[in-house]
$ cat model-v9.cif   # mmCIF, C-alpha atoms and all ligand atoms
data_structure
loop_
_atom_site.label_atom_id
_atom_site.label_comp_id
_atom_site.auth_asym_id
_atom_site.auth_seq_id
_atom_site.Cartn_x
_atom_site.Cartn_y
_atom_site.Cartn_z
CA MET A 1 0.00 0.00 0.00
CA ALA A 2 1.06 3.55 -0.55
CA LEU A 3 2.25 5.28 2.55
CA ASN A 4 1.84 8.87 3.44
CA ASP A 5 2.89 11.07 6.28
CA ALA A 6 -0.34 10.41 8.13
CA ASP A 7 0.79 6.81 8.61
CA PHE A 8 3.83 7.88 10.58
CA GLY A 9 3.75 8.40 14.28
CA ASP A 10 0.75 8.97 16.42
CA LYS A 11 -0.74 12.37 15.80
CA ASN A 12 -2.13 12.40 19.27
CA SER A 13 1.21 11.95 20.96
CA GLY A 14 2.68 15.34 21.76
CA LEU A 15 6.09 13.89 22.54
CA ARG A 16 6.35 12.21 19.16
CA SER A 17 5.73 15.38 17.25
CA PHE A 18 8.68 16.95 19.11
CA ASP A 19 11.04 14.30 17.82
CA ALA A 20 13.84 16.26 16.12
CA PHE A 21 15.34 13.27 14.32
CA PRO A 22 13.56 12.18 11.17
CA LYS A 23 12.69 8.54 11.12
CA THR A 24 13.33 6.48 8.07
CA ARG A 25 10.14 5.96 6.17
CA LYS A 26 9.29 2.45 5.24
CA THR A 27 9.36 3.31 1.57
CA TYR A 28 13.15 3.79 1.77
CA LYS A 29 13.63 0.38 3.22
CA ILE A 30 11.67 -1.19 0.41
CA SER A 31 13.28 0.74 -2.41
CA SER A 32 16.87 -0.27 -1.73
CA SER A 33 17.96 -0.14 -5.38
CA ARG A 34 16.59 3.36 -5.86
CA GLY A 35 18.18 4.40 -2.56
CA GLY A 36 21.48 2.95 -3.72
CA VAL A 37 21.41 5.04 -6.89
CA LEU A 38 20.52 8.11 -4.86
CA THR A 39 23.37 7.45 -2.43
CA ILE A 40 25.81 7.19 -5.33
CA LEU A 41 24.49 10.41 -6.86
CA LEU A 42 24.70 12.23 -3.55
CA SER A 43 28.21 10.91 -2.94
CA LEU A 44 29.29 12.11 -6.38
CA LEU A 45 27.77 15.51 -5.68
CA SER A 46 29.56 15.66 -2.34
CA ILE A 47 32.85 14.67 -3.93
CA TYR A 48 32.43 17.35 -6.61
CA LEU A 49 31.62 20.02 -4.03
CA ILE A 50 34.51 18.97 -1.79
CA TYR A 51 36.83 19.08 -4.80
CA TYR A 52 35.58 22.56 -5.63
CA GLU A 53 36.04 23.64 -2.03
CA LEU A 54 39.53 22.13 -1.92
CA ASN A 55 40.55 24.10 -5.01
CA HIS A 56 39.16 27.20 -3.45
CA HIS A 57 41.08 26.44 -0.28
CA LEU A 58 44.34 25.88 -2.15
CA ASP A 59 43.97 29.04 -4.24
CA GLY A 60 43.06 31.16 -1.28
CA ALA A 61 41.00 34.28 -1.46
CA GLU A 62 42.44 37.15 -3.40
CA THR A 63 41.62 40.80 -3.18
CA GLN A 64 42.78 43.45 -5.58
CA SER A 65 43.13 47.09 -4.75
CA PHE A 66 44.29 50.06 -6.74
CA LEU A 67 46.29 52.93 -5.36
CA VAL A 68 47.33 56.13 -7.01
CA GLU A 69 51.04 55.75 -7.55
CA HIS A 70 53.07 58.28 -5.60
CA ALA A 71 56.48 57.01 -6.54
CA VAL A 72 57.23 59.48 -9.31
CA GLY A 73 60.58 60.09 -10.87
CA HIS A 74 62.10 56.71 -10.21
CA TYR A 75 64.02 54.61 -12.57
CA MET A 76 62.59 51.49 -14.00
CA GLN A 77 64.42 48.56 -15.41
CA ILE A 78 63.52 47.06 -18.76
CA ASN A 79 64.58 43.48 -19.32
CA LEU A 80 64.77 42.55 -22.93
CA ASP A 81 65.70 39.39 -24.76
CA ILE A 82 64.69 39.36 -28.38
CA THR A 83 65.91 37.58 -31.50
CA VAL A 84 65.60 39.36 -34.84
CA ALA A 85 66.10 37.62 -38.18
CA MET A 86 68.86 40.00 -39.26
CA PRO A 87 72.61 40.07 -38.64
CA CYS A 88 73.67 42.07 -35.58
CA GLU A 89 75.77 44.55 -37.56
CA ALA A 90 72.68 45.53 -39.52
CA LEU A 91 70.62 46.40 -36.44
CA HIS A 92 70.27 49.63 -34.57
CA ILE A 93 68.63 49.85 -31.15
CA ASN A 94 67.30 53.10 -29.88
CA VAL A 95 65.68 53.84 -26.53
CA GLN A 96 64.05 57.07 -25.60
CA ASP A 97 61.80 58.11 -22.75
CA ALA A 98 59.57 61.11 -22.28
CA ALA A 99 62.22 62.75 -20.10
CA LEU A 100 64.21 62.79 -23.35
CA ASP A 101 67.11 60.92 -21.88
CA HIS A 102 68.70 59.25 -24.78
CA ILE A 103 70.01 55.86 -23.79
CA LEU A 104 72.66 54.19 -25.84
CA ALA A 105 70.94 50.86 -25.58
CA GLY A 106 73.18 49.48 -28.27
CA ASP A 107 76.05 49.68 -25.78
CA ILE A 108 74.17 48.36 -22.75
CA LEU A 109 72.52 45.41 -24.45
CA THR A 110 74.45 42.38 -25.58
CA LYS A 111 74.20 41.27 -29.17
CA ASP A 112 74.91 37.68 -30.12
CA PRO A 113 74.73 36.12 -33.56
CA THR A 114 72.33 33.21 -33.57
CA SER A 115 69.83 31.44 -35.77
CA PHE A 116 66.18 32.27 -36.02
CA ASP A 117 64.27 29.66 -34.09
CA ASP A 118 60.60 30.23 -33.43
CA THR A 119 59.68 26.60 -32.83
CA ASN A 120 59.03 27.16 -29.12
CA ALA A 121 57.25 30.45 -29.61
CA HIS A 122 53.67 31.27 -30.37
CA ARG A 123 51.85 34.08 -32.07
CA LEU A 124 50.49 36.89 -29.99
CA VAL A 125 46.93 36.31 -31.17
CA HIS A 126 47.04 32.76 -29.85
CA LEU A 127 47.96 33.87 -26.40
CA PRO A 128 45.80 31.82 -24.04
CA GLY A 129 44.01 33.54 -21.22
CA ARG A 130 46.14 33.08 -18.16
CA GLU A 131 44.98 33.06 -14.64
CA GLU A 132 47.81 33.18 -12.21
CA HIS A 133 47.30 33.32 -8.51
CA VAL A 134 49.44 35.18 -6.02
CA TYR A 135 50.47 31.82 -4.63
CA ASP A 136 51.77 30.64 -8.03
CA ILE A 137 53.46 33.92 -8.74
CA LEU A 138 55.24 34.10 -5.40
CA GLY A 139 56.22 30.48 -5.80
CA LYS A 140 57.58 30.99 -9.29
CA ALA A 141 59.35 34.29 -8.77
CA ARG A 142 63.02 33.78 -8.32
CA LYS A 143 65.08 36.83 -8.60
CA SER A 144 68.37 36.61 -10.41
CA LYS A 145 70.73 38.85 -12.24
CA PHE A 146 70.17 39.07 -15.92
CA GLY A 147 72.79 37.26 -17.92
CA LYS A 148 73.74 34.66 -15.34
CA THR A 149 70.69 32.51 -15.81
CA SER A 150 69.18 33.99 -18.92
CA ARG A 151 67.94 31.34 -21.25
CA LYS A 152 69.81 30.89 -24.44
CA PRO A 153 68.00 29.71 -27.54
CA PHE A 154 68.90 26.16 -28.51
CA ALA A 155 70.33 27.38 -31.75
CA PHE A 156 72.68 29.58 -29.80
CA LEU A 157 73.84 26.63 -27.76
CA ARG A 158 74.55 24.86 -31.00
CA LYS A 159 76.60 27.90 -31.94
CA LEU A 160 74.78 28.39 -35.19
CA ASP A 161 75.26 31.70 -36.88
CA THR A 162 72.67 31.91 -39.59
CA GLY A 163 72.30 35.61 -39.80
CA SER A 164 70.04 36.36 -36.88
CA CYS A 165 70.76 38.45 -33.85
CA ARG A 166 69.83 37.94 -30.24
CA ILE A 167 69.70 41.16 -28.27
CA TYR A 168 69.47 40.88 -24.51
CA GLY A 169 70.13 42.66 -21.26
CA SER A 170 68.61 45.08 -18.80
CA MET A 171 68.59 48.83 -19.00
CA ASN A 172 67.29 51.59 -16.78
CA VAL A 173 64.90 54.19 -18.07
CA ASN A 174 63.04 56.95 -16.32
CA LYS A 175 59.75 55.67 -15.02
CA VAL A 176 57.78 57.66 -17.54
CA GLN A 177 56.43 56.74 -20.90
CA GLY A 178 58.95 55.99 -23.55
CA ASP A 179 59.78 53.77 -26.44
CA PHE A 180 62.52 51.64 -27.81
CA HIS A 181 62.89 50.37 -31.28
CA ILE A 182 65.02 48.10 -33.34
CA THR A 183 65.62 49.37 -36.84
CA ALA A 184 68.11 48.75 -39.61
CA ALA A 185 71.46 50.40 -38.99
CA GLY A 186 71.62 53.61 -40.98
CA HIS A 187 68.11 53.42 -42.31
CA GLY A 188 65.96 56.29 -41.17
CA TYR A 189 69.01 58.02 -39.73
CA ALA A 190 71.90 59.72 -41.36
CA GLY A 191 74.45 57.14 -42.43
CA ALA A 192 75.10 54.38 -44.87
CA HIS A 193 72.15 52.31 -45.97
CA ILE A 194 72.29 48.57 -46.02
CA ASP A 195 70.76 46.43 -48.72
CA HIS A 196 66.97 46.59 -48.48
CA SER A 197 66.53 43.00 -49.57
CA THR A 198 68.20 41.85 -46.33
CA PHE A 199 65.59 43.60 -44.19
CA ASN A 200 63.74 41.04 -42.14
CA PHE A 201 62.22 42.21 -38.90
CA SER A 202 60.69 38.83 -38.06
CA HIS A 203 61.42 38.34 -34.38
CA VAL A 204 60.93 36.21 -31.30
CA VAL A 205 60.51 37.90 -27.94
CA ASN A 206 62.13 35.57 -25.44
CA GLU A 207 61.61 37.98 -22.58
CA LEU A 208 60.25 41.43 -22.09
CA SER A 209 59.55 42.62 -18.59
CA PHE A 210 59.64 45.77 -16.53
CA GLY A 211 61.13 46.09 -13.09
CA GLU A 212 63.39 43.67 -11.31
CA TYR A 213 64.04 40.60 -13.34
CA TYR A 214 62.17 37.49 -12.22
CA PRO A 215 62.81 34.77 -14.75
CA LYS A 216 59.86 32.65 -13.67
CA LEU A 217 57.23 35.31 -14.07
CA VAL A 218 55.21 35.04 -17.25
CA ASN A 219 54.66 38.21 -19.24
CA PRO A 220 52.30 38.58 -22.19
CA LEU A 221 55.03 38.97 -24.78
CA ASP A 222 57.25 36.15 -23.55
CA ASP A 223 57.87 33.58 -26.27
CA VAL A 224 55.85 35.50 -28.79
CA ALA A 225 57.01 35.24 -32.38
CA ALA A 226 56.10 37.45 -35.30
CA VAL A 227 57.18 36.59 -38.82
CA THR A 228 56.82 38.69 -41.94
CA GLU A 229 57.41 38.00 -45.62
CA HIS A 230 57.93 41.69 -46.35
CA ASN A 231 61.19 43.58 -46.20
CA PHE A 232 59.45 46.78 -45.23
CA PHE A 233 57.36 45.89 -42.24
CA LYS A 234 56.75 47.79 -39.06
CA PHE A 235 55.93 45.85 -35.91
CA GLN A 236 54.40 48.16 -33.39
CA TYR A 237 53.62 47.11 -29.83
CA TYR A 238 51.87 49.36 -27.36
CA LEU A 239 52.50 48.36 -23.77
CA SER A 240 50.60 49.60 -20.80
CA VAL A 241 52.62 49.00 -17.66
CA VAL A 242 50.90 48.68 -14.28
CA PRO A 243 53.10 48.55 -11.16
CA THR A 244 51.89 45.46 -9.31
CA ASN A 245 52.51 44.14 -5.84
CA TYR A 246 51.79 40.55 -4.96
CA TYR A 247 51.36 39.96 -1.28
CA SER A 248 50.65 36.80 0.66
CA GLU A 249 49.17 37.49 4.08
CA ASN A 250 49.99 34.02 5.30
CA SER A 251 53.68 34.03 4.49
CA GLY A 252 54.17 37.81 4.60
CA ARG A 253 55.96 37.69 1.25
CA LEU A 254 55.76 40.74 -0.93
CA LEU A 255 56.80 40.90 -4.56
CA ARG A 256 57.04 44.27 -6.25
CA THR A 257 56.91 43.97 -9.98
CA ASN A 258 55.12 45.30 -13.04
CA GLN A 259 52.49 43.79 -15.24
CA TYR A 260 51.71 45.00 -18.67
CA ALA A 261 49.04 44.66 -21.27
CA VAL A 262 49.94 44.73 -24.92
CA THR A 263 48.21 45.70 -28.13
CA GLU A 264 49.84 45.20 -31.46
CA HIS A 265 49.51 47.23 -34.60
CA SER A 266 51.80 45.95 -37.33
CA ARG A 267 51.71 46.71 -41.02
CA GLU A 268 53.70 46.81 -44.19
CA VAL A 269 55.26 50.21 -44.80
CA SER A 270 56.48 51.96 -47.89
CA PRO A 271 60.23 52.08 -48.64
CA TYR A 272 60.15 55.72 -47.57
CA GLN A 273 59.11 54.82 -44.06
CA VAL A 274 61.15 53.16 -41.33
CA PRO A 275 60.60 49.42 -40.90
CA GLY A 276 61.51 47.76 -37.63
CA VAL A 277 60.26 46.54 -34.27
CA PHE A 278 58.84 49.35 -32.15
CA PHE A 279 57.81 49.16 -28.52
CA LYS A 280 55.97 52.05 -26.96
CA PHE A 281 55.34 51.86 -23.25
CA ASP A 282 53.22 53.90 -20.94
CA ILE A 283 53.35 53.72 -17.15
CA GLU A 284 49.91 53.78 -15.56
CA PRO A 285 49.72 56.24 -12.65
CA LEU A 286 48.18 53.50 -10.52
CA SER A 287 49.54 50.54 -8.71
CA LEU A 288 47.72 47.30 -8.24
CA THR A 289 48.07 45.26 -5.07
CA ILE A 290 46.89 41.69 -5.10
CA ARG A 291 46.66 40.12 -1.66
CA GLU A 292 46.12 36.51 -0.97
CA ARG A 293 44.69 35.04 2.17
CA ARG A 294 44.23 31.38 2.76
CA MET A 295 41.53 29.78 4.80
CA SER A 296 42.77 27.79 7.78
CA PHE A 297 42.60 24.04 7.52
CA THR A 298 40.09 23.82 10.38
CA ARG A 299 37.70 26.10 8.53
CA PHE A 300 38.17 23.99 5.45
CA LEU A 301 37.22 20.87 7.45
CA VAL A 302 34.14 22.59 8.85
CA ARG A 303 33.09 23.46 5.32
CA VAL A 304 33.55 19.87 4.16
CA VAL A 305 31.38 18.62 7.01
CA ASN A 306 28.77 21.23 6.11
CA ILE A 307 28.78 20.16 2.50
CA VAL A 308 28.32 16.48 3.25
CA GLY A 309 25.59 17.22 5.78
CA GLY A 310 23.82 19.65 3.47
CA VAL A 311 23.89 17.30 0.51
CA MET A 312 22.52 14.41 2.59
CA VAL A 313 19.70 16.47 4.07
CA GLY A 314 18.90 17.95 0.65
CA GLY A 315 18.93 14.49 -0.89
CA ASN A 316 16.62 13.24 1.82
CA TRP A 317 14.13 16.00 1.04
CA ALA A 318 14.36 15.33 -2.70
CA MET A 319 13.73 11.63 -2.04
CA ARG A 320 10.66 12.43 0.06
CA LEU A 321 9.34 14.71 -2.64
CA VAL A 322 9.78 12.01 -5.27
CA GLU A 323 8.12 9.44 -3.03
CA THR A 324 5.16 11.75 -2.42
CA ILE A 325 4.73 12.44 -6.12
CA VAL A 326 5.08 8.77 -7.06
CA GLY A 327 2.68 7.87 -4.25
CA CYS A 328 0.02 10.33 -5.45
CA TRP A 329 0.43 9.21 -9.04
CA GLY A 330 0.11 5.55 -8.03
CA LYS A 331 -3.05 6.30 -6.07
CA ARG A 332 -4.64 8.06 -9.03
CA LYS A 333 -3.69 5.28 -11.39
CA ARG A 334 -5.17 2.66 -9.06
CA THR A 335 -8.40 4.57 -8.78
CA MET A 336 -8.64 4.82 -12.54
CA ASP A 337 -7.81 1.16 -13.02
CA GLY A 338 -10.49 0.26 -10.50
CA VAL A 339 -13.06 2.26 -12.38
CA ILE A 340 -12.16 1.14 -15.88
CA GLY A 341 -10.90 -2.43 -15.83
CA GLY A 342 -9.96 -3.36 -12.31
CA GLY A 343 -7.36 -5.94 -11.37
CA GLY A 344 -3.56 -5.66 -11.37
CA GLY A 345 -3.89 -2.17 -10.00
CA TYR A 346 -1.39 -2.75 -7.21
CA SER A 347 1.58 -3.56 -9.38
CA SER A 348 2.78 0.01 -9.38
CA GLU A 349 2.82 0.13 -5.56
CA LYS A 350 4.73 -3.09 -5.30
CA ARG A 351 7.58 -1.65 -7.30
CA ILE A 352 7.97 1.29 -4.94
C1 LIG B 1 62.42 36.39 -42.48
O1 LIG B 1 62.84 35.22 -41.80
C2 LIG B 1 61.82 34.30 -41.52
C3 LIG B 1 62.40 33.17 -40.70
O2 LIG B 1 63.59 32.70 -41.22
C4 LIG B 1 61.18 33.81 -42.82
O3 LIG B 1 60.15 32.93 -42.54
C5 LIG B 1 60.67 35.02 -43.58
O4 LIG B 1 60.16 34.60 -44.82
C6 LIG B 1 61.75 36.04 -43.79
N1 LIG B 1 61.17 37.23 -44.40
C7 LIG B 1 61.79 37.92 -45.34
C8 LIG B 1 61.13 39.17 -45.78
O5 LIG B 1 62.84 37.57 -45.82
#

$ encode --input "model-v9.cif" --output "structure tokens" --more "lines below"
Ligand SMILES: *[C@@H]1O[C@H](CO)[C@@H](O)[C@H](O)[C@H]1NC(C)=O
Amino acid sequence: MALNDADFGDKNSGLRSFDAFPKTRKTYKISSSRGGVLTILLSLLSIYLIYYELNHHLDGAETQSFLVEHAVGHYMQINLDITVAMPCEALHINVQDAALDHILAGDILTKDPTSFDDTNAHRLVHLPGREEHVYDILGKARKSKFGKTSRKPFAFLRKLDTGSCRIYGSMNVNKVQGDFHITAAGHGYAGAHIDHSTFNFSHVVNELSFGEYYPKLVNPLDDVAAVTEHNFFKFQYYLSVVPTNYYSENSGRLLRTNQYAVTEHSREVSPYQVPGVFFKFDIEPLSLTIRERRMSFTRFLVRVVNIVGGVMVGGNWAMRLVETIVGCWGKRKRTMDGVIGGGGGYSSEKRI
């Protein structure tokens, strides 16, 4: 027979109605296979939620805050490591900032002949969306002097000189907007021209970062390659630099660095214009602080217990609802069967 709530307990007993612990309804005992499926589903749900909670626990909670940057007039370091598909003698590097300090970057940066190898690089447009957490960044950041540990392209290790040039090093500029560009020696400036057919400003950016050099930090232009079939081609990158502090409240570690966003505008130019690789950077007058705080393990455990409890109680309610609906439906069906044909009307109840 179908059971309903009226069958449970004695309505007249006041004590019974105060019972805080739900009693298992008989229907559950009968429907062991359905209960088994439900238990598996609820367990899967619990596991999923615990997994989600664990990820959340491991990532910690992050808050971001912006501050108007007061540190004006400081120097900023640019770390550059770029390979251009032209011989070193044919290249000219020029750096200029808005304070009009002309920096002889050609003397500060090291130039090494190498081969053009973009096999490990990717195109800027294919840059995947990255989500890095303070925890990862602090874990990855390892400060070191440029040059000592700077990566060398494989081709360089093989000591191949196939007419490309790797330019690398760090230079200080005023912390104001500025630009640096790599052009053909002589071209666009007074001096001897070199053969136009050798112009090839295809390049691989191995590293481009602002501030102290942390080799393990990933910047948007790292390992980006750009190849052109044209001799007269101007690669133009606009960089927007945001001073960024990563801070972990749990470990007290603070990392002062700079992030940047990049937009590219590259095009073929006429032989009367200057081809090359141009970087224009702008320092945002804001600084971003990203703080991370991790939940304690005890709180994590409390949450797990809450999840399991919540899922079980919720599942219990869902089960009751289903039983009630199935019960009502069965009752109606039986009544109809009784009216129309009669007989066999109880089969649906027996399956419950
Ligand atoms: C420049 O070099 C790259 C890589 O070697 C090559 O794919 C490209 O065709 C060259 N472009 C020109 C204009 O020679």

$ closest_residue --input "model-v9.cif" --among "A:Ala261, A:Leu288, A:Val84, A:Val305" --to "A:Asn200" --atoms "all atoms listed in the file"
A:Val84

$ residues_near_ligand --input "model-v9.cif" --ligand "ligand LIG 1 (chain B)" --cutoff "12 Å" --atoms "only C-alpha atoms and all ligand atoms" --output "ChimeraX atom specification"
/A:83-87,114-119,162-165,196-204,225-234,268,275-276

$ residues_around --input "model-v9.cif" --residues "A:Thr263" --least-positions-apart "6" --cutoff "8 Å" --atoms "all atoms listed in the file" --output "PDB file with C-alpha atoms, keeping the file's coordinate frame"
ATOM      1  CA  TYR A 237      53.620  47.110 -29.830  1.00  0.00           C
ATOM      2  CA  TYR A 238      51.870  49.360 -27.360  1.00  0.00           C
ATOM      3  CA  LEU A 239      52.500  48.360 -23.770  1.00  0.00           C
TER       4      LEU A 239
END

$ residues_around --input "model-v9.cif" --residues "A:Ser240" --least-positions-apart "4" --cutoff "10 Å" --atoms "all atoms listed in the file" --output "ChimeraX atom specification"
/A:177,258-263,280-284

$ closest_residue --input "model-v9.cif" --among "A:Ile307, A:Leu221, A:Val205, A:Leu255" --to "A:Thr289" --atoms "all atoms listed in the file"
A:Leu255

$ residues_around --input "model-v9.cif" --residues "A:Glu212" --least-positions-apart "2" --cutoff "7 Å" --atoms "only C-alpha atoms" --output "PDB file with C-alpha atoms, in the coordinates of the input"
ATOM      1  CA  GLN A  77      64.420  48.560 -15.410  1.00  0.00           C
ATOM      2  CA  PHE A 210      59.640  45.770 -16.530  1.00  0.00           C
ATOM      3  CA  TYR A 214      62.170  37.490 -12.220  1.00  0.00           C
ATOM      4  CA  THR A 257      56.910  43.970  -9.980  1.00  0.00           C
TER       5      THR A 257
END

$ atom_distance --input "model-v9.cif" --atom1 "atom CA of A:Asn245" --atom2 "atom CA of A:Lys175"
16.4 Å

$ atom_distance --input "model-v9.cif" --atom1 "atom CA of A:Leu44" --atom2 "atom CA of A:Phe297"
22.6 Å

$ closest_residue --input "model-v9.cif" --among "A:Gly169, A:Pro243, A:Gly252, A:Gly186" --to "A:Leu208" --atoms "only C-alpha atoms"
A:Gly169

$ build_atoms --input "model-v9.cif" --residues "stretch 307-321 of chain A" --atoms "N, CA and C atoms" --output "short mmCIF file (atom, residue, chain, number, x, y, z; two decimals), in the coordinates of the input"
data_model
loop_
_atom_site.label_atom_id
_atom_site.label_comp_id
_atom_site.auth_asym_id
_atom_site.auth_seq_id
_atom_site.Cartn_x
_atom_site.Cartn_y
_atom_site.Cartn_z
N ILE A 307 29.18 20.59 3.84
CA ILE A 307 28.78 20.16 2.50
C ILE A 307 28.14 18.79 2.56
N VAL A 308 28.83 17.85 3.21
CA VAL A 308 28.32 16.48 3.25
C VAL A 308 26.96 16.46 3.93
N GLY A 309 26.86 17.16 5.06
CA GLY A 309 25.59 17.22 5.78
C GLY A 309 24.49 17.82 4.92
N GLY A 310 24.81 18.94 4.30
CA GLY A 310 23.82 19.65 3.47
C GLY A 310 23.33 18.80 2.33
N VAL A 311 24.27 18.13 1.66
CA VAL A 311 23.89 17.30 0.51
C VAL A 311 22.98 16.16 0.97
N MET A 312 23.32 15.54 2.11
CA MET A 312 22.52 14.41 2.59
C MET A 312 21.11 14.86 2.97
N VAL A 313 21.03 15.98 3.68
CA VAL A 313 19.70 16.47 4.07
C VAL A 313 18.90 16.85 2.83
N GLY A 314 19.57 17.56 1.89
CA GLY A 314 18.90 17.95 0.65
C GLY A 314 18.43 16.74 -0.12
N GLY A 315 19.26 15.72 -0.18
CA GLY A 315 18.93 14.49 -0.89
C GLY A 315 17.73 13.80 -0.24
N ASN A 316 17.71 13.83 1.07
CA ASN A 316 16.62 13.24 1.82
C ASN A 316 15.30 13.92 1.44
N TRP A 317 15.33 15.25 1.40
CA TRP A 317 14.13 16.00 1.04
C TRP A 317 13.70 15.66 -0.38
N ALA A 318 14.67 15.63 -1.30
CA ALA A 318 14.36 15.33 -2.70
C ALA A 318 13.71 13.95 -2.79
N MET A 319 14.25 13.00 -2.03
CA MET A 319 13.73 11.63 -2.04
C MET A 319 12.28 11.61 -1.55
N ARG A 320 12.02 12.37 -0.48
CA ARG A 320 10.66 12.43 0.06
C ARG A 320 9.70 13.00 -0.96
N LEU A 321 10.17 14.06 -1.64
CA LEU A 321 9.34 14.71 -2.64
C LEU A 321 8.98 13.72 -3.74
#
